[in-house]
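*Asks:* Contents are mmCIF, C-alpha atoms; file name my_file11.cif:
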data_structure
loop_
_atom_site.label_atom_id
_atom_site.label_comp_id
_atom_site.auth_asym_id
_atom_site.auth_seq_id
_atom_site.Cartn_x
_atom_site.Cartn_y
_atom_site.Cartn_z
CA LEU D 280 -160.40 201.15 2.75
CA LEU D 281 -160.64 202.90 6.08
CA LEU D 282 -157.04 204.10 5.75
CA VAL D 283 -157.69 205.40 2.23
CA SER D 284 -160.80 207.32 3.31
CA LEU D 285 -158.93 208.90 6.22
CA LEU D 286 -156.07 209.97 3.95
CA VAL D 287 -158.47 211.50 1.42
CA LYS D 288 -160.18 213.46 4.20
CA GLN D 289 -156.82 214.74 5.45
CA LYS D 290 -155.77 215.84 1.97
CA LYS D 291 -155.05 219.54 1.95
CA THR D 292 -155.97 221.75 -0.96
CA MET D 293 -152.83 222.98 -2.64
CA GLY D 294 -152.36 226.63 -3.54
CA ARG D 295 -151.46 227.93 -6.98
CA ARG D 296 -148.00 226.96 -8.13
CA PRO D 297 -145.51 229.82 -8.63
CA ALA D 298 -144.75 231.22 -12.08
CA ARG D 299 -141.45 229.37 -12.34
CA CYS D 300 -143.38 226.11 -12.81
CA VAL D 301 -145.13 227.23 -16.03
CA ARG D 302 -142.97 230.09 -17.22
CA PHE D 303 -140.98 228.39 -20.00
CA GLN D 304 -142.31 227.20 -23.35
CA LYS D 305 -141.37 223.54 -23.33
CA ASN D 306 -143.67 221.69 -25.70
CA LYS D 307 -146.11 222.33 -28.52
CA PRO D 308 -149.17 224.52 -27.94
CA TYR D 309 -151.87 222.57 -26.11
CA ILE D 310 -155.22 224.26 -26.72
CA LYS D 311 -158.80 223.63 -25.71
CA SER D 312 -160.52 221.29 -28.17
CA ARG D 313 -162.97 218.42 -28.37
CA TYR D 314 -160.14 216.15 -27.24
CA CYS D 315 -159.04 218.43 -24.37
CA ARG D 316 -162.19 219.09 -22.39
CA GLY D 317 -162.84 220.31 -18.88
CA VAL D 318 -160.55 223.32 -19.25
CA PRO D 319 -161.24 226.13 -16.74
CA ASP D 320 -162.06 229.56 -18.11
CA PRO D 321 -159.18 232.06 -18.19
CA LYS D 322 -159.13 234.60 -15.37
CA ILE D 323 -158.89 237.56 -17.74
CA ARG D 324 -162.27 238.22 -19.38
CA ILE D 325 -161.91 241.91 -20.32
CA TYR D 326 -159.30 242.86 -22.91
CA ASP D 327 -160.23 246.54 -23.45
CA CYS D 328 -160.58 248.97 -20.53
CA GLY D 329 -161.27 252.65 -20.14
CA ALA D 330 -162.59 254.86 -22.93
CA LYS D 331 -162.54 252.12 -25.56
CA LYS D 332 -165.03 253.89 -27.87
CA VAL D 333 -163.28 257.26 -28.03
CA VAL D 334 -162.47 258.25 -31.62
CA VAL D 335 -158.95 257.89 -32.93
CA ASP D 336 -158.26 261.66 -33.08
CA ALA D 337 -158.70 262.10 -29.31
CA PHE D 338 -155.82 259.88 -28.09
CA PRO D 339 -152.61 260.48 -30.10
CA PHE D 340 -150.11 259.10 -27.54
CA VAL D 341 -149.52 255.34 -27.31
CA ALA D 342 -147.08 253.20 -25.32
CA HIS D 343 -146.49 249.45 -25.35
CA LEU D 344 -145.37 246.89 -22.78
CA VAL D 345 -143.08 244.62 -24.82
CA SER D 346 -141.75 241.24 -23.73
CA ASP D 347 -137.99 240.72 -23.77
CA GLU D 348 -138.18 236.95 -23.28
CA LYS D 349 -139.75 233.89 -24.88
CA GLU D 350 -142.03 232.65 -22.12
CA GLN D 351 -145.57 231.88 -20.97
CA LEU D 352 -147.77 234.32 -19.04
CA THR D 353 -150.70 232.86 -17.13
CA ALA D 354 -154.18 234.31 -17.38
CA CYS D 355 -153.97 235.23 -13.68
CA ALA D 356 -150.86 237.34 -14.34
CA LEU D 357 -152.51 239.08 -17.30
CA GLU D 358 -155.59 239.87 -15.21
CA ALA D 359 -153.48 241.16 -12.31
CA ALA D 360 -151.49 243.43 -14.64
CA ARG D 361 -154.68 244.72 -16.26
CA VAL D 362 -156.21 245.53 -12.87
CA ALA D 363 -153.07 247.31 -11.65
CA CYS D 364 -152.75 249.38 -14.84
CA ASN D 365 -156.46 250.20 -14.94
CA LYS D 366 -156.62 251.21 -11.27
CA TYR D 367 -153.69 253.63 -11.52
CA LEU D 368 -154.92 255.27 -14.72
CA THR D 369 -158.45 255.64 -13.35
CA LYS D 370 -157.06 257.42 -10.31
CA SER D 371 -154.62 259.66 -12.21
CA THR D 372 -156.38 260.46 -15.51
CA GLY D 373 -160.05 259.66 -14.88
CA LYS D 374 -162.22 256.94 -16.38
CA GLU D 375 -162.41 258.62 -19.79
CA GLY D 376 -158.76 259.58 -20.13
CA TYR D 377 -157.19 256.36 -21.47
CA HIS D 378 -157.75 253.14 -23.39
CA ILE D 379 -155.96 249.93 -22.35
CA ARG D 380 -155.81 246.96 -24.70
CA CYS D 381 -154.46 243.54 -23.72
CA ARG D 382 -152.75 242.16 -26.84
CA ALA D 383 -151.93 238.67 -25.51
CA HIS D 384 -154.62 235.99 -25.28
CA PRO D 385 -154.27 232.87 -23.11
CA PHE D 386 -155.04 229.89 -25.37
CA HIS D 387 -152.43 227.45 -24.02
CA VAL D 388 -153.69 224.90 -21.46
CA ILE D 389 -151.49 224.24 -18.43
CA ARG D 390 -151.66 220.71 -17.04
CA GLN D 391 -150.91 219.82 -13.43
CA ASN D 392 -150.22 216.37 -11.99
CA LYS D 393 -151.80 216.79 -8.56
CA MET D 394 -150.31 214.60 -5.86
CA LEU D 395 -151.33 213.86 -2.29
CA SER D 396 -149.42 215.82 0.33
CA CYS D 397 -150.60 214.23 3.55
CA ALA D 398 -149.28 211.64 5.98
CA GLY D 399 -148.97 208.25 4.35
CA ALA D 400 -149.41 209.63 0.85
CA ASP D 401 -146.49 207.54 -0.40
CA ARG D 402 -148.67 204.44 -0.01
CA LEU D 403 -151.27 205.84 -2.44
CA SER D 404 -149.36 208.02 -4.92
CA SER D 405 -147.78 206.42 -7.96
CA GLY D 406 -144.98 208.96 -8.40
CA MET D 407 -144.10 209.61 -12.02
CA ARG D 408 -146.09 206.64 -13.29
CA GLY D 409 -149.02 207.92 -15.33
CA SER D 410 -148.00 211.53 -14.69
CA TYR D 411 -150.04 213.13 -17.51
CA GLY D 412 -151.81 215.92 -15.60
CA LYS D 413 -155.25 217.45 -15.76
CA PRO D 414 -155.97 220.99 -17.09
CA SER D 415 -155.54 223.54 -14.31
CA GLU D 416 -155.25 227.00 -15.93
CA MET D 417 -154.62 228.92 -19.14
CA ALA D 418 -151.54 230.78 -20.33
CA ALA D 419 -150.42 232.94 -23.26
CA ARG D 420 -147.30 232.00 -25.21
CA ILE D 421 -145.20 235.15 -25.65
CA ALA D 422 -142.34 235.73 -28.09
CA ILE D 423 -139.43 238.14 -27.83
CA GLY D 424 -140.56 241.58 -28.96
CA GLN D 425 -144.26 240.76 -28.69
CA VAL D 426 -146.56 243.47 -27.33
CA ILE D 427 -148.42 242.45 -24.16
CA PHE D 428 -150.31 245.67 -23.34
CA SER D 429 -150.94 248.85 -25.31
CA VAL D 430 -152.29 252.08 -23.81
CA ARG D 431 -153.39 255.16 -25.75
CA ALA D 432 -154.13 258.54 -24.16
CA LYS D 433 -153.62 262.26 -24.58
CA ASP D 434 -150.10 263.69 -24.74
CA SER D 435 -150.67 265.45 -21.41
CA ASN D 436 -151.15 262.05 -19.69
CA ALA D 437 -148.09 260.37 -21.21
CA HIS D 438 -146.19 260.16 -17.91
CA HIS D 439 -149.19 258.54 -16.21
CA VAL D 440 -149.34 255.89 -18.94
CA LEU D 441 -145.66 255.04 -18.51
CA GLU D 442 -146.07 254.75 -14.73
CA ALA D 443 -149.12 252.49 -15.14
CA LEU D 444 -147.22 250.15 -17.44
CA ARG D 445 -144.29 250.14 -15.01
CA ARG D 446 -146.64 248.94 -12.27
CA ALA D 447 -148.07 246.28 -14.57
CA LYS D 448 -144.56 244.92 -15.17
CA PHE D 449 -144.34 243.69 -11.58
CA LYS D 450 -147.11 241.14 -12.21
CA PHE D 451 -145.08 239.26 -14.82
CA PRO D 452 -142.02 237.02 -14.63
CA GLY D 453 -139.05 237.72 -16.86
CA ARG D 454 -138.10 241.03 -18.44
CA GLN D 455 -140.34 243.55 -20.15
CA LYS D 456 -139.65 246.92 -21.73
CA ILE D 457 -141.88 249.98 -21.94
CA MET D 458 -141.72 251.62 -25.35
CA LYS D 459 -143.19 254.92 -26.50
CA SER D 460 -144.45 254.70 -30.06
CA ASN D 461 -144.14 257.21 -32.90
CA LYS D 462 -147.50 256.05 -34.28
CA TRP D 463 -150.79 257.86 -33.80
CA GLY D 464 -152.80 255.84 -31.29
CA PHE D 465 -153.45 252.25 -32.34
CA THR D 466 -153.01 253.05 -36.04
CA LYS D 467 -150.07 252.03 -38.24
CA PHE D 468 -149.30 255.61 -39.39
CA ASP D 469 -146.61 257.88 -37.97
CA ARG D 470 -147.79 261.15 -36.45
CA GLU D 471 -146.60 263.33 -39.34
CA VAL D 472 -148.10 260.99 -41.94
CA TYR D 473 -151.36 260.77 -39.98
CA ALA D 474 -151.68 264.56 -39.70
CA ARG D 475 -151.02 265.01 -43.44
CA GLY D 476 -153.42 262.22 -44.38
CA ARG D 477 -156.23 263.64 -42.24
CA LYS D 478 -155.68 267.09 -43.75
CA GLU D 479 -155.67 265.81 -47.33
CA GLY D 480 -158.50 263.33 -46.75
CA TRP D 481 -156.85 259.98 -47.60
CA ILE D 482 -157.01 258.88 -43.94
CA VAL D 483 -160.57 258.61 -42.63
CA PRO D 484 -161.46 257.90 -38.97
CA ASP D 485 -163.09 254.52 -38.38
CA GLY D 486 -163.74 254.23 -34.64
CA VAL D 487 -160.54 253.35 -32.80
CA HIS D 488 -158.69 252.80 -36.09
CA VAL D 489 -158.64 254.54 -39.49
CA LYS D 490 -159.34 253.70 -43.11
CA TYR D 491 -156.80 254.36 -45.84
CA ILE D 492 -158.09 255.60 -49.20
CA PRO D 493 -155.67 254.44 -51.92
CA GLN D 494 -154.86 256.17 -55.20
CA HIS D 495 -155.99 253.19 -57.29
CA GLY D 496 -159.41 251.83 -58.16
CA LEU D 497 -162.64 253.29 -59.51
CA LEU D 498 -163.05 257.04 -58.98
CA THR D 499 -166.08 257.52 -56.75
CA THR D 500 -167.22 260.12 -54.26
CA LYS D 501 -165.49 258.15 -51.49
CA ASN D 502 -162.32 257.64 -53.46
CA CYS D 503 -161.31 261.09 -54.65
CA ALA D 504 -158.64 262.08 -52.11
CA LYS D 505 -155.52 263.75 -53.48
CA HIS D 506 -152.23 262.30 -52.26
CA SER D 507 -149.28 264.66 -52.01
CA GLU D 508 -145.86 263.36 -52.98
#
Here is a file; write its structure as C-alpha cells.
*Replies:*
Amino acid sequence: LLLVSLLVKQKKTMGRRPARCVRFQKNKPYIKSRYCRGVPDPKIRIYDCGAKKVVVDAFPFVAHLVSDEKEQLTACALEAARVACNKYLTKSTGKEGYHIRCRAHPFHVIRQNKMLSCAGADRLSSGMRGSYGKPSEMAARIAIGQVIFSVRAKDSNAHHVLEALRRAKFKFPGRQKIMKSNKWGFTKFDREVYARGRKEGWIVPDGVHVKYIPQHGLLTTKNCAKHSE
C-alpha cells in the first residue's frame, strides 16, 4: 500500500495528445447520452462571431473553408481556428465588417485510456486489459467537401476574408480548401438571381437569410410578387 501511494503521488499529469491520435474516423459516432455521462464541455462555445445581426443586403461576399479529407476535428482545434480568424478580421476590417459562422459542431466523444507514466508503473497498469477509456474531449466528424467555416463580408474586404481563412487552416490537421462562393452571403441564391429577386420582390430579407415568395398558393398582400421568366 505504501508503494502504491508513492506511485500515485509521483504520477505526472499528461498533456493533450496530438491530433494524429484522434484524427481518423474509426468507429461509429459516440455521442453524449444518458449512458455516456461525465463528458467534458466542448472548448468552442461561440459559433457566430462579428456582426452576426447585420442584414443580408450588407454582406454580399462569402467564402468557405472546405475539408478535403474524411476526418475528425477536435473542439480545441475548432476554437483555435475561430480565434485566429476572428482576431485577424477584427484587426483588418473592424468589429462590424464581417460575420464568421462555424458550420461544424463537435458531438463525437473522444475516449482516452489513461495510463501511469511513472517509475514502477508496470506493476500497477494492466496494459490492454480493460482498455475502454473514459471521455476526455469532443470532436466533430467531417466529410469530404463539408464546410467547416463560412465568412461573409463586403466585396472590398474579400482579400482579408481569404487571408483569415488561410490562417485558420493551420489549426487543423489534413487538407482544407478555401473557396469563394457565387452565392449572395449565406443565402442559396446566386448574385444575379438575388439581385433580380430583390428588385422584383420575390426575395424578401429575413435577418441573415431571405424568404422566397413562390408563384403558387393563395393570392394575398404578401404573395403578389411577379416572377420574370
*Asks:* Got a sec to resolve the PyMOL selection byres ((chain D and resi 435) around 12) on this structure and send the residues as an mmCIF file with C-alpha atoms, in the frame of the given file?
*Replies:*
data_model
loop_
_atom_site.group_PDB
_atom_site.id
_atom_site.type_symbol
_atom_site.label_atom_id
_atom_site.label_comp_id
_atom_site.auth_asym_id
_atom_site.auth_seq_id
_atom_site.Cartn_x
_atom_site.Cartn_y
_atom_site.Cartn_z
ATOM 1 C CA ALA D 337 -158.700 262.100 -29.310
ATOM 2 C CA PHE D 338 -155.820 259.880 -28.090
ATOM 3 C CA PRO D 339 -152.610 260.480 -30.100
ATOM 4 C CA PHE D 340 -150.110 259.100 -27.540
ATOM 5 C CA VAL D 341 -149.520 255.340 -27.310
ATOM 6 C CA SER D 371 -154.620 259.660 -12.210
ATOM 7 C CA THR D 372 -156.380 260.460 -15.510
ATOM 8 C CA GLY D 376 -158.760 259.580 -20.130
ATOM 9 C CA TYR D 377 -157.190 256.360 -21.470
ATOM 10 C CA ARG D 431 -153.390 255.160 -25.750
ATOM 11 C CA ALA D 432 -154.130 258.540 -24.160
ATOM 12 C CA LYS D 433 -153.620 262.260 -24.580
ATOM 13 C CA ASP D 434 -150.100 263.690 -24.740
ATOM 14 C CA ASN D 436 -151.150 262.050 -19.690
ATOM 15 C CA ALA D 437 -148.090 260.370 -21.210
ATOM 16 C CA HIS D 438 -146.190 260.160 -17.910
ATOM 17 C CA HIS D 439 -149.190 258.540 -16.210
ATOM 18 C CA VAL D 440 -149.340 255.890 -18.940
ATOM 19 C CA LEU D 441 -145.660 255.040 -18.510
#
*Asks:* At what distance in Å, to one decimal, does CA of Trp481 (chain D) lie from CA of Pro493 (chain D)?
*Replies:*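 Taking CA of Pro493 (chain D) and CA of Trp481 (chain D), their separation equals 7.1 Å.
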*Asks:* What is the CA of Ile323 (chain D) to CA of Trp463 (chain D) distance in Å?
*Replies:*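 About the pair CA of Ile323 (chain D) and CA of Trp463 (chain D): they are 27.1 Å apart.
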*Asks:* Could you list the residues chosen by the PyMOL selection byres ((chain D and resi 474-476) around 10) in this structure as a list of chain:residue names?
*Replies:*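 Evaluating the PyMOL selection byres ((chain D and resi 474-476) around 10) on these coordinates yields D:Asp336, D:Trp463, D:Phe468, D:Asp469, D:Arg470, D:Glu471, D:Val472, D:Tyr473, D:Arg477, D:Lys478, D:Glu479, D:Gly480, D:Trp481, D:Ile482, D:Val483, D:Tyr491, D:Ile492, D:Ala504, D:Lys505, D:His506, D:Ser507.
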*Asks:* If I take CA of Gly294 (chain D) and CA of Glu348 (chain D), how far is one from the other in Å, to one decimal?
*Replies:*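 We find that CA of Gly294 (chain D) and CA of Glu348 (chain D) lie 26.4 Å from each other.
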*Asks:* Restricting the calculation to all atoms listed in the file, which member of D:Gln304, D:Gln494, D:Gln391, D:Gln425 is positioned closest to His343 (chain D)?
*Replies:*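 Nearest candidate to His343 (chain D) out of D:Gln304, D:Gln494, D:Gln391, D:Gln425: D:Gln425.
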*Asks:* Return the single residue from D:Lys413, D:Lys467, D:Arg361, D:Arg420 that is closest to Phe449 (chain D), with distances computed using all atoms listed in the file.
*Replies:*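 Residue with the minimum atom-to-atom distance to Phe449 (chain D): D:Arg361.
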*Asks:* Report as JSON lines the residues of region 407-475 of chain D within 9 Å of region 299-302 of chain D, each with its shortest atom pair and distance in Å (one decimal), using all atoms listed in the file, ordered by chain and increasing residue number.
*Replies:*
{"residue": "D:Ala418", "atom": "CA", "partner": "D:Val301", "partner_atom": "CA", "distance": 8.5}
{"residue": "D:Pro452", "atom": "CA", "partner": "D:Arg302", "partner_atom": "CA", "distance": 7.5}
{"residue": "D:Gly453", "atom": "CA", "partner": "D:Arg302", "partner_atom": "CA", "distance": 8.6}
*Asks:* Near Phe386 (chain D), within 12 Å and counting only C-alpha atoms, which residues show up once chain neighbours fewer than 5 positions away are dropped, as a PyMOL selection string?
*Replies:* chain D and resi 308-312+318-323+351-354+416-421
*Asks:* Using all atoms listed in the file, which residue out of D:Cys315, D:Ala443, D:Ile423, D:Val430 lies closest to Ser460 (chain D)?
*Replies:*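 Ranked by minimum distance to Ser460 (chain D), first place goes to D:Val430.
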*Asks:* Please identify all polymer residues lying at most 9 Å from the point (-148.0, 218.0, -10.6) (file coordinates), using all atoms listed in the file, and present the result as an NGL selection string.
*Replies:* :D and (390-394 or 410-413)
*Asks:* Between D:Glu375, D:Val388, D:Ile457, D:Val426, which has the minimum distance to Lys332 (chain D) (counting all atoms listed in the file)?
*Replies:*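 For Lys332 (chain D), the nearest of the candidates is D:Glu375.
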*Asks:* Measuring between only C-alpha atoms, which one of D:Val335, D:Phe428, D:Val487, D:Glu350 shows the shortest distance to Ala447 (chain D)?
*Replies:*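 Checking each of D:Val335, D:Phe428, D:Val487, D:Glu350 against Ala447 (chain D), counting only C-alpha atoms, the winner is D:Phe428.
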*Asks:* Hey, which of D:Leu368, D:Arg408, D:Asp347, D:His387 ends up closest to Lys305 (chain D)? Count all atoms listed in the file.
*Replies:* D:His387
*Asks:* Pull out every residue that the PyMOL selection byres ((chain D and resi 326) around 8) matches in the shown coordinates and put them as a list in words.
*Replies:* Ile323, Arg324, Ile325, Asp327, Cys328, Ile379, Arg380, Cys381 and Arg382 of chain D
